[in-house]
$ cat structure-v5.pdb   # PDB, C-alpha atoms, pLDDT in the B column
ATOM      1  CA  MET A   1      -5.794   9.065 -11.728  1.00 55.00           C
ATOM      2  CA  GLY A   2      -2.379   7.441 -11.278  1.00 60.00           C
ATOM      3  CA  ARG A   3      -0.917   6.696  -7.873  1.00 59.00           C
ATOM      4  CA  GLU A   4       1.785   9.343  -8.282  1.00 60.00           C
ATOM      5  CA  GLN A   5      -0.853  12.015  -8.877  1.00 62.00           C
ATOM      6  CA  GLN A   6      -2.917  10.738  -5.934  1.00 61.00           C
ATOM      7  CA  LEU A   7       0.128  10.919  -3.684  1.00 57.00           C
ATOM      8  CA  ALA A   8       1.006  14.413  -4.872  1.00 55.00           C
ATOM      9  CA  GLU A   9      -2.533  15.650  -4.239  1.00 60.00           C
ATOM     10  CA  ALA A  10      -2.598  13.993  -0.812  1.00 53.00           C
ATOM     11  CA  LEU A  11       0.683  15.644   0.216  1.00 56.00           C
ATOM     12  CA  VAL A  12      -0.493  19.041  -1.004  1.00 53.00           C
ATOM     13  CA  GLY A  13      -3.766  18.639   0.881  1.00 57.00           C
ATOM     14  CA  LEU A  14      -2.004  17.666   4.095  1.00 55.00           C
ATOM     15  CA  ALA A  15       0.547  20.471   3.892  1.00 57.00           C
ATOM     16  CA  ASP A  16      -1.923  23.257   3.103  1.00 56.00           C
ATOM     17  CA  THR A  17      -2.262  24.763   6.555  1.00 50.00           C
ATOM     18  CA  LEU A  18      -2.957  28.186   5.055  1.00 48.00           C
ATOM     19  CA  ALA A  19      -6.290  27.195   3.517  1.00 51.00           C
ATOM     20  CA  ASP A  20      -9.320  28.804   5.142  1.00 48.00           C
ATOM     21  CA  ASP A  21     -11.098  25.488   5.731  1.00 48.00           C
ATOM     22  CA  ILE A  22      -8.194  23.669   7.374  1.00 55.00           C
ATOM     23  CA  ASP A  23      -8.236  22.804  11.046  1.00 65.00           C
ATOM     24  CA  PRO A  24      -6.410  20.077  13.026  1.00 70.00           C
ATOM     25  CA  VAL A  25      -9.291  17.610  12.803  1.00 73.00           C
ATOM     26  CA  VAL A  26      -9.514  18.023   9.027  1.00 72.00           C
ATOM     27  CA  LEU A  27      -5.762  17.501   8.701  1.00 75.00           C
ATOM     28  CA  VAL A  28      -5.781  14.270  10.662  1.00 80.00           C
ATOM     29  CA  GLU A  29      -8.915  12.977   8.968  1.00 83.00           C
ATOM     30  CA  ARG A  30      -7.199  13.595   5.629  1.00 82.00           C
ATOM     31  CA  LEU A  31      -4.206  11.606   6.850  1.00 82.00           C
ATOM     32  CA  ALA A  32      -6.349   8.627   7.825  1.00 87.00           C
ATOM     33  CA  GLY A  33      -8.283   8.728   4.576  1.00 87.00           C
ATOM     34  CA  SER A  34      -5.147   9.103   2.453  1.00 86.00           C
ATOM     35  CA  CYS A  35      -3.462   6.167   4.199  1.00 87.00           C
ATOM     36  CA  VAL A  36      -6.383   3.941   3.245  1.00 89.00           C
ATOM     37  CA  GLY A  37      -6.687   5.377  -0.250  1.00 87.00           C
ATOM     38  CA  LEU A  38      -2.997   5.105  -1.134  1.00 85.00           C
ATOM     39  CA  THR A  39      -2.045   1.827   0.543  1.00 88.00           C
ATOM     40  CA  GLY A  40      -3.647  -1.571   0.848  1.00 86.00           C
ATOM     41  CA  ALA A  41      -4.888  -0.876   4.373  1.00 93.00           C
ATOM     42  CA  ASP A  42      -8.560  -1.532   5.120  1.00 96.00           C
ATOM     43  CA  ALA A  43      -8.767   1.020   7.915  1.00 95.00           C
ATOM     44  CA  ALA A  44      -6.667   3.639   9.663  1.00 95.00           C
ATOM     45  CA  GLY A  45      -6.737   5.428  12.970  1.00 93.00           C
ATOM     46  CA  VAL A  46      -4.721   8.335  14.316  1.00 91.00           C
ATOM     47  CA  MET A  47      -3.918   9.127  17.935  1.00 90.00           C
ATOM     48  CA  VAL A  48      -2.116  12.174  19.275  1.00 89.00           C
ATOM     49  CA  VAL A  49      -0.571  12.873  22.657  1.00 88.00           C
ATOM     50  CA  SER A  50      -2.360  15.127  25.127  1.00 87.00           C
ATOM     51  CA  ALA A  51      -0.779  17.659  27.477  1.00 84.00           C
ATOM     52  CA  ARG A  52      -0.895  14.941  30.170  1.00 86.00           C
ATOM     53  CA  GLY A  53       1.231  12.641  28.031  1.00 87.00           C
ATOM     54  CA  ASP A  54      -1.460  10.098  27.192  1.00 87.00           C
ATOM     55  CA  LEU A  55      -2.765   9.257  23.730  1.00 90.00           C
ATOM     56  CA  ARG A  56      -6.142  10.417  22.516  1.00 89.00           C
ATOM     57  CA  PRO A  57      -7.925   9.255  19.330  1.00 89.00           C
ATOM     58  CA  LEU A  58      -8.339  12.034  16.772  1.00 84.00           C
ATOM     59  CA  ALA A  59      -9.449  10.329  13.562  1.00 88.00           C
ATOM     60  CA  VAL A  60     -10.566   6.907  12.375  1.00 90.00           C
ATOM     61  CA  THR A  61     -11.963   5.574   9.109  1.00 92.00           C
ATOM     62  CA  GLU A  62     -14.412   2.930  10.364  1.00 91.00           C
ATOM     63  CA  ASP A  63     -16.282   1.954  13.521  1.00 89.00           C
ATOM     64  CA  GLN A  64     -14.394  -1.289  14.207  1.00 90.00           C
ATOM     65  CA  ALA A  65     -11.121   0.603  14.054  1.00 91.00           C
ATOM     66  CA  ALA A  66     -12.504   3.186  16.491  1.00 90.00           C
ATOM     67  CA  PHE A  67     -13.388   0.414  18.941  1.00 92.00           C
ATOM     68  CA  LEU A  68      -9.889  -1.033  18.608  1.00 93.00           C
ATOM     69  CA  GLU A  69      -8.245   2.359  19.157  1.00 92.00           C
ATOM     70  CA  PHE A  70     -10.259   2.880  22.327  1.00 91.00           C
ATOM     71  CA  PHE A  71      -9.494  -0.656  23.522  1.00 94.00           C
ATOM     72  CA  GLN A  72      -5.748  -0.116  23.055  1.00 94.00           C
ATOM     73  CA  LEU A  73      -5.934   2.951  25.246  1.00 93.00           C
ATOM     74  CA  GLN A  74      -7.964   1.165  27.896  1.00 93.00           C
ATOM     75  CA  ALA A  75      -5.620  -1.835  27.940  1.00 95.00           C
ATOM     76  CA  ASP A  76      -2.517   0.383  27.637  1.00 95.00           C
ATOM     77  CA  GLU A  77      -1.023  -1.952  25.041  1.00 96.00           C
ATOM     78  CA  GLY A  78      -0.986  -2.515  21.296  1.00 95.00           C
ATOM     79  CA  PRO A  79       0.923  -1.612  18.127  1.00 95.00           C
ATOM     80  CA  CYS A  80      -0.182   2.014  18.096  1.00 94.00           C
ATOM     81  CA  VAL A  81       0.760   2.494  21.752  1.00 95.00           C
ATOM     82  CA  ASP A  82       4.161   0.869  21.186  1.00 96.00           C
ATOM     83  CA  ALA A  83       4.822   2.924  18.046  1.00 96.00           C
ATOM     84  CA  PHE A  84       4.258   6.084  20.087  1.00 95.00           C
ATOM     85  CA  ARG A  85       6.313   5.001  23.078  1.00 95.00           C
ATOM     86  CA  GLU A  86       9.212   3.600  21.089  1.00 95.00           C
ATOM     87  CA  GLY A  87       9.135   6.214  18.327  1.00 94.00           C
ATOM     88  CA  ARG A  88       9.447   3.605  15.589  1.00 95.00           C
ATOM     89  CA  ARG A  89       7.309   1.575  13.229  1.00 96.00           C
ATOM     90  CA  ILE A  90       5.715  -1.574  14.628  1.00 97.00           C
ATOM     91  CA  ASP A  91       4.888  -4.264  12.061  1.00 97.00           C
ATOM     92  CA  VAL A  92       2.532  -7.113  12.917  1.00 97.00           C
ATOM     93  CA  PRO A  93       2.153  -9.498   9.942  1.00 96.00           C
ATOM     94  CA  ASP A  94      -0.270 -11.742  11.839  1.00 96.00           C
ATOM     95  CA  LEU A  95      -2.104 -10.765  14.998  1.00 96.00           C
ATOM     96  CA  GLU A  96      -2.756 -14.434  15.724  1.00 96.00           C
ATOM     97  CA  ASP A  97       0.950 -14.700  16.580  1.00 95.00           C
ATOM     98  CA  SER A  98       0.952 -11.639  18.858  1.00 95.00           C
ATOM     99  CA  HIS A  99      -1.159 -12.844  21.787  1.00 94.00           C
ATOM    100  CA  ASP A 100       1.894 -13.075  24.041  1.00 95.00           C
ATOM    101  CA  ARG A 101       2.972  -9.514  23.285  1.00 96.00           C
ATOM    102  CA  TRP A 102      -0.488  -7.958  23.521  1.00 96.00           C
ATOM    103  CA  PRO A 103      -2.633 -10.477  25.439  1.00 96.00           C
ATOM    104  CA  GLN A 104      -5.693  -8.239  25.517  1.00 96.00           C
ATOM    105  CA  VAL A 105      -5.470  -6.245  22.289  1.00 96.00           C
ATOM    106  CA  ALA A 106      -4.379  -8.933  19.812  1.00 96.00           C
ATOM    107  CA  PRO A 107      -7.364 -11.276  20.441  1.00 96.00           C
ATOM    108  CA  TYR A 108      -9.752  -8.333  20.467  1.00 96.00           C
ATOM    109  CA  ALA A 109      -8.404  -7.059  17.134  1.00 96.00           C
ATOM    110  CA  VAL A 110      -8.877 -10.492  15.588  1.00 96.00           C
ATOM    111  CA  ARG A 111     -12.453 -10.614  16.857  1.00 95.00           C
ATOM    112  CA  GLN A 112     -13.032  -7.246  15.170  1.00 94.00           C
ATOM    113  CA  GLY A 113     -11.918  -8.794  11.895  1.00 95.00           C
ATOM    114  CA  TYR A 114      -8.318  -7.555  11.636  1.00 96.00           C
ATOM    115  CA  ARG A 115      -5.443  -9.921  11.005  1.00 97.00           C
ATOM    116  CA  SER A 116      -2.434  -7.625  10.531  1.00 97.00           C
ATOM    117  CA  VAL A 117      -1.507  -4.122  11.586  1.00 97.00           C
ATOM    118  CA  HIS A 118       1.213  -1.505  11.346  1.00 97.00           C
ATOM    119  CA  GLY A 119       1.820   1.212  13.927  1.00 96.00           C
ATOM    120  CA  LEU A 120       3.613   4.298  12.590  1.00 95.00           C
ATOM    121  CA  PRO A 121       4.998   7.131  14.727  1.00 94.00           C
ATOM    122  CA  LEU A 122       3.651  10.622  14.143  1.00 90.00           C
ATOM    123  CA  ARG A 123       6.778  12.696  14.644  1.00 89.00           C
ATOM    124  CA  VAL A 124       8.233  16.177  14.245  1.00 84.00           C
ATOM    125  CA  HIS A 125      11.880  17.144  14.803  1.00 80.00           C
ATOM    126  CA  ARG A 126      12.691  13.792  16.433  1.00 80.00           C
ATOM    127  CA  GLN A 127       9.745  14.180  18.813  1.00 88.00           C
ATOM    128  CA  THR A 128       6.885  11.703  18.626  1.00 92.00           C
ATOM    129  CA  VAL A 129       3.517  13.423  18.977  1.00 90.00           C
ATOM    130  CA  GLY A 130       1.221  10.498  18.207  1.00 91.00           C
ATOM    131  CA  ALA A 131       0.837   7.370  16.125  1.00 94.00           C
ATOM    132  CA  VAL A 132      -1.044   5.977  13.139  1.00 94.00           C
ATOM    133  CA  ASN A 133      -2.654   2.531  12.992  1.00 94.00           C
ATOM    134  CA  LEU A 134      -2.937   0.811   9.608  1.00 96.00           C
ATOM    135  CA  LEU A 135      -5.288  -2.163   9.867  1.00 96.00           C
ATOM    136  CA  LEU A 136      -5.768  -5.026   7.423  1.00 97.00           C
ATOM    137  CA  ARG A 137      -8.342  -7.816   7.338  1.00 96.00           C
ATOM    138  CA  ARG A 138      -5.788 -10.224   5.880  1.00 96.00           C
ATOM    139  CA  PRO A 139      -2.499 -11.491   7.324  1.00 96.00           C
ATOM    140  CA  GLY A 140       0.808 -10.493   5.809  1.00 96.00           C
ATOM    141  CA  GLY A 141       0.738  -6.732   6.246  1.00 94.00           C
ATOM    142  CA  LEU A 142       1.699  -4.089   3.705  1.00 94.00           C
ATOM    143  CA  PRO A 143       4.723  -4.008   1.382  1.00 93.00           C
ATOM    144  CA  GLY A 144       7.579  -1.674   2.235  1.00 90.00           C
ATOM    145  CA  THR A 145       6.723   0.834  -0.485  1.00 89.00           C
ATOM    146  CA  ASP A 146       3.227   1.340   0.926  1.00 90.00           C
ATOM    147  CA  LEU A 147       4.621   1.775   4.424  1.00 92.00           C
ATOM    148  CA  LYS A 148       7.066   4.417   3.196  1.00 90.00           C
ATOM    149  CA  VAL A 149       4.175   6.286   1.577  1.00 88.00           C
ATOM    150  CA  ALA A 150       2.144   6.111   4.785  1.00 90.00           C
ATOM    151  CA  GLN A 151       5.086   7.324   6.892  1.00 91.00           C
ATOM    152  CA  ALA A 152       5.671  10.231   4.510  1.00 87.00           C
ATOM    153  CA  LEU A 153       2.011  11.211   4.826  1.00 86.00           C
ATOM    154  CA  ALA A 154       2.261  10.963   8.616  1.00 88.00           C
ATOM    155  CA  ASP A 155       5.398  13.112   8.726  1.00 85.00           C
ATOM    156  CA  VAL A 156       3.837  15.835   6.560  1.00 82.00           C
ATOM    157  CA  THR A 157       0.696  15.800   8.685  1.00 80.00           C
ATOM    158  CA  ALA A 158       2.644  16.041  11.939  1.00 81.00           C
ATOM    159  CA  PHE A 159       4.576  19.037  10.641  1.00 79.00           C
ATOM    160  CA  ALA A 160       1.407  20.749   9.444  1.00 73.00           C
ATOM    161  CA  LEU A 161      -0.330  19.960  12.728  1.00 75.00           C
ATOM    162  CA  VAL A 162       2.268  21.592  14.949  1.00 73.00           C
ATOM    163  CA  ASN A 163       2.446  24.636  12.660  1.00 69.00           C
ATOM    164  CA  TRP A 164      -1.313  25.129  12.577  1.00 64.00           C
ATOM    165  CA  SER A 165      -2.616  28.250  14.290  1.00 61.00           C
ATOM    166  CA  ALA A 166      -6.122  29.214  15.321  1.00 58.00           C
ATOM    167  CA  GLU A 167      -5.347  32.687  14.007  1.00 62.00           C
ATOM    168  CA  ARG A 168      -5.427  32.858  10.236  1.00 64.00           C
ATOM    169  CA  LEU A 169      -2.316  34.234   8.601  1.00 58.00           C
ATOM    170  CA  ARG A 170      -2.707  37.695   7.131  1.00 66.00           C
ATOM    171  CA  PRO A 171      -1.259  38.450   3.691  1.00 68.00           C
ATOM    172  CA  SER A 172       1.454  40.477   5.431  1.00 72.00           C
ATOM    173  CA  ASP A 173       2.354  37.449   7.599  1.00 62.00           C
ATOM    174  CA  VAL A 174       2.807  35.281   4.521  1.00 57.00           C
ATOM    175  CA  SER A 175       4.921  37.981   2.870  1.00 70.00           C
ATOM    176  CA  ASN A 176       7.073  38.354   5.981  1.00 73.00           C
ATOM    177  CA  ARG A 177       7.760  34.619   6.062  1.00 60.00           C
ATOM    178  CA  VAL A 178       8.800  34.656   2.422  1.00 65.00           C
ATOM    179  CA  GLN A 179      11.097  37.609   3.048  1.00 79.00           C
ATOM    180  CA  GLY A 180      12.501  35.772   6.048  1.00 77.00           C
ATOM    181  CA  ALA A 181      13.356  32.832   3.798  1.00 73.00           C
ATOM    182  CA  LEU A 182      15.166  35.160   1.400  1.00 80.00           C
ATOM    183  CA  ALA A 183      17.120  36.709   4.288  1.00 86.00           C
ATOM    184  CA  ALA A 184      18.077  33.242   5.507  1.00 87.00           C
ATOM    185  CA  LYS A 185      19.302  32.322   2.028  1.00 89.00           C
ATOM    186  CA  ALA A 186      21.396  35.488   1.916  1.00 90.00           C
ATOM    187  CA  ALA A 187      23.017  34.618   5.253  1.00 91.00           C
ATOM    188  CA  VAL A 188      23.817  31.093   4.086  1.00 93.00           C
ATOM    189  CA  ASP A 189      25.313  32.422   0.835  1.00 92.00           C
ATOM    190  CA  MET A 190      27.454  34.948   2.730  1.00 94.00           C
ATOM    191  CA  ALA A 191      28.721  32.319   5.169  1.00 93.00           C
ATOM    192  CA  THR A 192      29.425  29.945   2.286  1.00 93.00           C
ATOM    193  CA  GLY A 193      31.478  32.601   0.534  1.00 94.00           C
ATOM    194  CA  MET A 194      33.475  33.326   3.689  1.00 94.00           C
ATOM    195  CA  LEU A 195      34.199  29.627   4.179  1.00 94.00           C
ATOM    196  CA  ALA A 196      35.149  29.152   0.546  1.00 93.00           C
ATOM    197  CA  GLU A 197      37.652  31.992   0.728  1.00 93.00           C
ATOM    198  CA  SER A 198      39.059  30.916   4.085  1.00 91.00           C
ATOM    199  CA  GLY A 199      39.479  27.271   3.142  1.00 91.00           C
ATOM    200  CA  ASP A 200      40.276  27.690  -0.568  1.00 92.00           C
ATOM    201  CA  LEU A 201      37.155  25.680  -1.418  1.00 92.00           C
ATOM    202  CA  SER A 202      34.579  25.849  -4.141  1.00 91.00           C
ATOM    203  CA  MET A 203      31.195  27.229  -3.168  1.00 91.00           C
ATOM    204  CA  THR A 204      29.726  23.731  -3.427  1.00 89.00           C
ATOM    205  CA  GLU A 205      32.376  22.301  -1.094  1.00 91.00           C
ATOM    206  CA  ALA A 206      31.941  25.134   1.404  1.00 91.00           C
ATOM    207  CA  ARG A 207      28.157  24.764   1.421  1.00 90.00           C
ATOM    208  CA  ALA A 208      28.491  21.006   1.974  1.00 90.00           C
ATOM    209  CA  ALA A 209      30.849  21.570   4.905  1.00 92.00           C
ATOM    210  CA  LEU A 210      28.415  24.051   6.467  1.00 93.00           C
ATOM    211  CA  ARG A 211      25.562  21.583   6.037  1.00 89.00           C
ATOM    212  CA  ARG A 212      27.572  18.739   7.592  1.00 91.00           C
ATOM    213  CA  TYR A 213      28.457  20.924  10.566  1.00 93.00           C
ATOM    214  CA  ALA A 214      24.812  21.897  11.096  1.00 91.00           C
ATOM    215  CA  ASP A 215      23.679  18.286  10.824  1.00 89.00           C
ATOM    216  CA  ARG A 216      26.357  17.012  13.201  1.00 90.00           C
ATOM    217  CA  TYR A 217      25.509  19.504  15.924  1.00 91.00           C
ATOM    218  CA  HIS A 218      21.745  19.539  15.296  1.00 88.00           C
ATOM    219  CA  ARG A 219      21.695  23.209  14.394  1.00 89.00           C
ATOM    220  CA  ARG A 220      19.610  24.940  11.784  1.00 88.00           C
ATOM    221  CA  LEU A 221      21.656  25.768   8.711  1.00 91.00           C
ATOM    222  CA  VAL A 222      20.705  29.438   8.919  1.00 90.00           C
ATOM    223  CA  ASP A 223      21.739  29.639  12.590  1.00 92.00           C
ATOM    224  CA  ALA A 224      25.160  28.180  11.805  1.00 92.00           C
ATOM    225  CA  ALA A 225      25.470  30.606   8.897  1.00 92.00           C
ATOM    226  CA  HIS A 226      24.654  33.608  11.090  1.00 93.00           C
ATOM    227  CA  SER A 227      27.323  32.466  13.570  1.00 94.00           C
ATOM    228  CA  VAL A 228      29.898  32.335  10.792  1.00 93.00           C
ATOM    229  CA  VAL A 229      28.941  35.766   9.452  1.00 94.00           C
ATOM    230  CA  ARG A 230      29.145  37.301  12.948  1.00 94.00           C
ATOM    231  CA  ARG A 231      32.466  35.453  13.445  1.00 93.00           C
ATOM    232  CA  ALA A 232      31.058  33.862  16.585  1.00 94.00           C
ATOM    233  CA  LEU A 233      31.842  30.489  15.003  1.00 92.00           C
ATOM    234  CA  PRO A 234      35.437  30.080  13.741  1.00 92.00           C
ATOM    235  CA  ALA A 235      35.667  29.029  10.118  1.00 90.00           C
ATOM    236  CA  ALA A 236      38.198  26.376  11.144  1.00 90.00           C
ATOM    237  CA  ASP A 237      35.506  24.562  13.120  1.00 91.00           C
ATOM    238  CA  ILE A 238      33.483  24.137   9.948  1.00 92.00           C
ATOM    239  CA  LEU A 239      36.322  23.553   7.511  1.00 90.00           C
ATOM    240  CA  THR A 240      37.176  20.280   9.272  1.00 87.00           C
ATOM    241  CA  PHE A 241      33.959  18.957   7.762  1.00 84.00           C
ATOM    242  CA  ALA A 242      35.113  19.807   4.223  1.00 78.00           C
ATOM    243  CA  ARG A 243      37.066  16.570   4.041  1.00 69.00           C
ATOM    244  CA  GLU A 244      34.081  14.384   4.958  1.00 61.00           C
ATOM    245  CA  LYS A 245      32.061  12.621   2.302  1.00 54.00           C
TER     246      LYS A 245
END
$ encode --input "structure-v5.pdb" --output "structure tokens"
Amino acid sequence: MGREQQLAEALVGLADTLADDIDPVVLVERLAGSCVGLTGADAAGVMVVSARGDLRPLAVTEDQAAFLEFFQLQADEGPCVDAFREGRRIDVPDLEDSHDRWPQVAPYAVRQGYRSVHGLPLRVHRQTVGAVNLLLRRPGGLPGTDLKVAQALADVTAFALVNWSAERLRPSDVSNRVQGALAAKAAVDMATGMLAESGDLSMTEARAALRRYADRYHRRLVDAAHSVVRRALPAADILTFAREK
């Protein structure tokens, strides 16, 4: 099986929150396993934030990594902790050079046999809900392409995790969501047509202006469209974005 097919299957598996056998633990365990299977990492661990705001381990691929995850939490330091707090990726090519930054965790990680590590934020809608540790027994870390794959897996998992429900969706629920998507598309098309006529634009130009407006003001595209259709949002406010590239 090629890597592209492996990645596609991993993404499908992580996104399938409608399957009967899926629960949050399975989702996160799949993430950890996929990170190891699709990158050059030797081990992976996943932590998520509790209601109290502290991190809790949820999945790990080997015992040494589990010990390291727990030690990071006890010491309140480490790449995974920093990735969560700072909401960005933390790359550590050689843990031997990180004793000053993490005086307790770096030496402990080396004693456990790890020489490099990457901490990736687990995030949804600009909110960090946890972090992923990618651990390697060699110095140097992972190439950028592998890290992009791992971050994509983490992002899909985070989205699936926050949309998981203990109550299984009924067939009518699934149908209603599909119909809701069609209604949203209709609203966007109507707003696009109104903007095109008002600003003497093509449909493509009007849609791009609506998208730029929504992105600039952190609004959902469908919400901006509804505002245009109801005339609660003046077309002129959106047409100023038609000139942007």
$ residues_near_point --input "structure-v5.pdb" --point "(0.1, 15.2, 23.3)" --cutoff "12 Å" --atoms "all atoms listed in the file" --output "PyMOL selection string"
chain A and resi 47-58+84-85+122-123+127-131+158+161-162
$ residues_around --input "structure-v5.pdb" --residues "Val117 (chain A)" --least-positions-apart "4" --cutoff "8 Å" --atoms "only C-alpha atoms" --output "ChimeraX atom specification"
/A:79,91-95,133-136,141
$ closest_residue --input "structure-v5.pdb" --among "A:Leu195, A:Val229, A:Ala186, A:Val124" --to "Val156 (chain A)" --atoms "all atoms listed in the file"
A:Val124
$ resolve_selection --input "structure-v5.pdb" --expression "the PyMOL selection byres ((chain A and resi 62-77) around 7)" --output "PDB file with C-alpha atoms, keeping the file's coordinate frame"
ATOM      1  CA  ALA A  43      -8.767   1.020   7.915  1.00 95.00           C
ATOM      2  CA  ALA A  44      -6.667   3.639   9.663  1.00 95.00           C
ATOM      3  CA  GLY A  45      -6.737   5.428  12.970  1.00 93.00           C
ATOM      4  CA  PRO A  57      -7.925   9.255  19.330  1.00 89.00           C
ATOM      5  CA  VAL A  60     -10.566   6.907  12.375  1.00 90.00           C
ATOM      6  CA  THR A  61     -11.963   5.574   9.109  1.00 92.00           C
ATOM      7  CA  GLY A  78      -0.986  -2.515  21.296  1.00 95.00           C
ATOM      8  CA  VAL A  81       0.760   2.494  21.752  1.00 95.00           C
ATOM      9  CA  TRP A 102      -0.488  -7.958  23.521  1.00 96.00           C
ATOM     10  CA  GLN A 104      -5.693  -8.239  25.517  1.00 96.00           C
ATOM     11  CA  VAL A 105      -5.470  -6.245  22.289  1.00 96.00           C
ATOM     12  CA  ALA A 109      -8.404  -7.059  17.134  1.00 96.00           C
ATOM     13  CA  GLN A 112     -13.032  -7.246  15.170  1.00 94.00           C
TER      14      GLN A 112
END
$ closest_residue --input "structure-v5.pdb" --among "A:Leu31, A:His125, A:Ala206, A:Gly193" --to "Arg220 (chain A)" --atoms "only C-alpha atoms"
A:His125
